[in-house]
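Presented below is the structure to which this report refers.
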Amino acid sequence: MQIPLVDLKAQYAQIKPEIDAAIQRVLDHTGFILGQEVANFEQAFAEYVDAKDAVGVASGTAALRLALQACGIQPGDEVITVAHTFFATAEAISQIGARPIFVDIDPQTYTIDPNWVEDELNKRSDGRLRAIIPVHLYGQPADMDALVDIAQRHDLWVIEDAAQAHGAKYKGRRCGSIGHLACFSFYPSKNLGAYGDAGMVTGNDEALLAKVRRLRDHGRTRKYEHQEIGWGERLDALQAAILGAKLPHLEAWTEARRGHARRYTKLLAGCDVVTPYEAPWVRHVYHLYVIRTSRRNDLLAHLRARGIGAGVHYPIPLHRQPAYLREGYGDVRLPVTEQAAAEMVSLPMYPELGEGQIAYVAEAVKEFLQ
Ligand SMILES: Cc1ncc(COP(=O)(O)O)c(C=O)c1O
């Protein structure tokens, strides 16, 4: 049996007529840049995440960079985030000349540990720390109440990295409407994926979102009038049409992911691996189903030899990436992050996964452990 980590073809096969019609519609009206397609999807996505507004941008990375800029983060400022995430979380901070400050994660949820944020703030008095970017990693929301409380006391911005958390909830509230701004990626393999690069910034502060809207489109306020230096980082109309066709399916896909996660966890119960912890106050959307073992590389080889597309998210913490070692992060120590990076294995996870496939993967994991 061959079971990929993600199967984009299975999803397209299920909704082909809707996707093809959306693409054809854009080809027919040729409104390729912004316009009604983008506006419609922005409105639908804002409603989906219970946010006042949403601004479509070219990628999740662009979303993070534009959100930081809209909050006024300047070169020389510092932004607290995690090193156990995809590179773009920190890269966006660096792209605008600010400096990421990496803190450790909670050993159960793998999201930013608010105690370390507080600890870092207590060490500083120069006022350069301006924002926190919690990452709702693998689809599990970070501890937002604690973070918002810290942010209020220290006058910091909170920008959610919700690239892996479409539809996730924290204490009943959707990720995407809790921080000052939130950033989504619609990279093809995400829970809501485009057929190319795409992203979104959401939130409830209309002035901030209006600034993101200007920045994504060359700082433009009207034709040939540019208020500020911005970027060409608009959401593509074709991608907006495709995403708009997919959005009505997202809840069913998310429930399917959650069901698969329950099944994996049940089948792996009692085995010598750590299965994902789901905090009781969250709706985890299982962008990835990640288990831990100290024999990670051997397990990976075992699974791959059986046709199972297991992955690692993420093998090199950001403070250990060559790009950041050159920036002077060599002395940073993050024990929980470093251990997690050495032990994580992502099992196949996508809505169309069948019960037989899940049983086959779980059996292969058990076989290795015995
Ligand atoms: C946590 C996280 N942040 C940021 C990004 C960047 O998104 P994009 O690839 O759309 O630029 C991704 C996805 O790739 C991600 O997983």
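Convention: chains lettered A, B, ... in structure tokens order; per-chain residue numbering from 1; ligands numbered from 1 as shown.
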
I'd like a table as a Markdown table: residues in chain A with an atom no more than 8 Å from ligand 1, each row giving the shortest atom pair and its distance in Å to one decimal, only C-alpha atoms and all ligand atoms counted, sorted by chain and rising residue number.
```
| residue | atom | partner | partner_atom_place_in_ligand_line | distance |
| --- | --- | --- | --- | --- |
| A:Ala58 | CA | ligand 1 | 10 (O) | 7.7 |
| A:Ser59 | CA | ligand 1 | 10 (O) | 4.0 |
| A:Gly60 | CA | ligand 1 | 7 (O) | 3.4 |
| A:Thr61 | CA | ligand 1 | 11 (O) | 3.7 |
| A:Ala62 | CA | ligand 1 | 11 (O) | 6.4 |
| A:Ala63 | CA | ligand 1 | 11 (O) | 7.8 |
| A:Leu64 | CA | ligand 1 | 4 (C) | 7.5 |
| A:Thr85 | CA | ligand 1 | 1 (C) | 5.4 |
| A:Phe86 | CA | ligand 1 | 2 (C) | 5.0 |
| A:Phe87 | CA | ligand 1 | 4 (C) | 7.2 |
| A:Ala88 | CA | ligand 1 | 4 (C) | 4.9 |
| A:Thr89 | CA | ligand 1 | 3 (N) | 4.8 |
| A:Val135 | CA | ligand 1 | 1 (C) | 6.0 |
| A:His136 | CA | ligand 1 | 1 (C) | 7.2 |
| A:Leu137 | CA | ligand 1 | 1 (C) | 6.2 |
| A:Asp161 | CA | ligand 1 | 3 (N) | 5.8 |
| A:Ala162 | CA | ligand 1 | 1 (C) | 6.8 |
| A:Ala163 | CA | ligand 1 | 2 (C) | 4.8 |
| A:Gln164 | CA | ligand 1 | 16 (O) | 5.6 |
| A:Cys183 | CA | ligand 1 | 4 (C) | 8.0 |
| A:Phe184 | CA | ligand 1 | 7 (O) | 7.2 |
| A:Ser185 | CA | ligand 1 | 10 (O) | 4.1 |
| A:Phe186 | CA | ligand 1 | 10 (O) | 5.7 |
| A:Tyr187 | CA | ligand 1 | 10 (O) | 4.7 |
| A:Lys190 | CA | ligand 1 | 13 (C) | 7.7 |
| A:Asp197 | CA | ligand 1 | 10 (O) | 5.8 |
| A:Ala198 | CA | ligand 1 | 10 (O) | 5.8 |
| A:Gly199 | CA | ligand 1 | 10 (O) | 5.7 |
```

Exercise. For Ala146 (chain A), please output as a list in words all residues within 9 Å (counting only C-alpha atoms; exclusion window: fewer than 3 positions along the same chain).
Key: Pro114, Asn115, Asp143, Asp149, Ile150 and Ala151 of chain A

Can you build me a table of region 133-232 of chain A residues sitting at most 10 Å from region 336-360 of chain A, with the closest atom pair per residue and its distance in Å to one decimal, using only C-alpha atoms, sorted by chain and residue number, as a Markdown table?
```
| residue | atom | partner | partner_atom | distance |
| --- | --- | --- | --- | --- |
| A:Tyr138 | CA | A:Ser346 | CA | 9.7 |
| A:Ser189 | CA | A:Tyr350 | CA | 8.9 |
| A:Lys190 | CA | A:Tyr350 | CA | 9.5 |
| A:Asn191 | CA | A:Tyr350 | CA | 8.2 |
```

Quiz item: Would you give me, as number ranges by chain, the residues in region 186-361 of chain A that DSSP reads as helix (DSSP H, G or I)?
Solution: A: 206-215, 237-267, 296-305, 318-320, 322-325, 335-343, 355-361

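Minimum atom-to-atom distance to Tyr264 (chain A), evaluated using only C-alpha atoms, belongs to A:Tyr289 out of A:Asn297, A:Val148, A:Tyr289, A:Ala131.
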
Quiz item: Residues at most 12 Å from Tyr324 (chain A), counting only C-alpha atoms, excluding those fewer than 3 positions away in the same chain, as a ChimeraX atom specification?
Solution: /A:83,87,90-91,94,99-102,316-321,327-332

Practice problem: Can you check which residues of region 100-322 of chain A DSSP gives as strand (DSSP E) on the backbone and send them as a ChimeraX atom specification? | Solution: /A:100-103,129-132,157-161,169-170,173-174,181-185,199-203,220-222,225-226,282-283,289-292

Within 9 Å of Trp116 (chain A), counting only C-alpha atoms, which residues qualify if same-chain residues fewer than 5 places away don't, as an mmCIF file with C-alpha atoms, in the first residue's frame?
```
data_model
loop_
_atom_site.group_PDB
_atom_site.id
_atom_site.type_symbol
_atom_site.label_atom_id
_atom_site.label_comp_id
_atom_site.auth_asym_id
_atom_site.auth_seq_id
_atom_site.Cartn_x
_atom_site.Cartn_y
_atom_site.Cartn_z
ATOM 1 C CA VAL A 103 11.466 31.326 23.361
ATOM 2 C CA ASP A 104 10.724 27.722 24.214
ATOM 3 C CA ILE A 105 7.506 25.801 23.697
ATOM 4 C CA LEU A 121 10.216 40.399 29.132
#
```

Self-check item: Shell around Ile23 (chain A) at 9 Å using only C-alpha atoms, local window under 3 positions removed, as a PyMOL selection string
Solution: chain A and resi 18-20+26-28+238-239+241-242

Quiz item: For Leu68 (chain A), which residue among A:His154, A:Lys211, A:His313, A:Arg304 is the nearest when counting only C-alpha atoms?
Solution: A:Lys211

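With distances restricted to only C-alpha atoms, A:Arg234 is the closest residue to Val55 (chain A) from A:Arg174, A:Arg234, A:Arg153, A:Arg333.
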
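For the residues A:Ala165, A:Leu334, A:Val365, A:Leu325, ranking by smallest atom-to-atom distance to Leu267 (chain A) using only C-alpha atoms places A:Val365 first.
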
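Counting only C-alpha atoms, the residue from A:His29, A:Lys366, A:His249, A:Arg214 that sits nearest to Ala67 (chain A) is A:Arg214.
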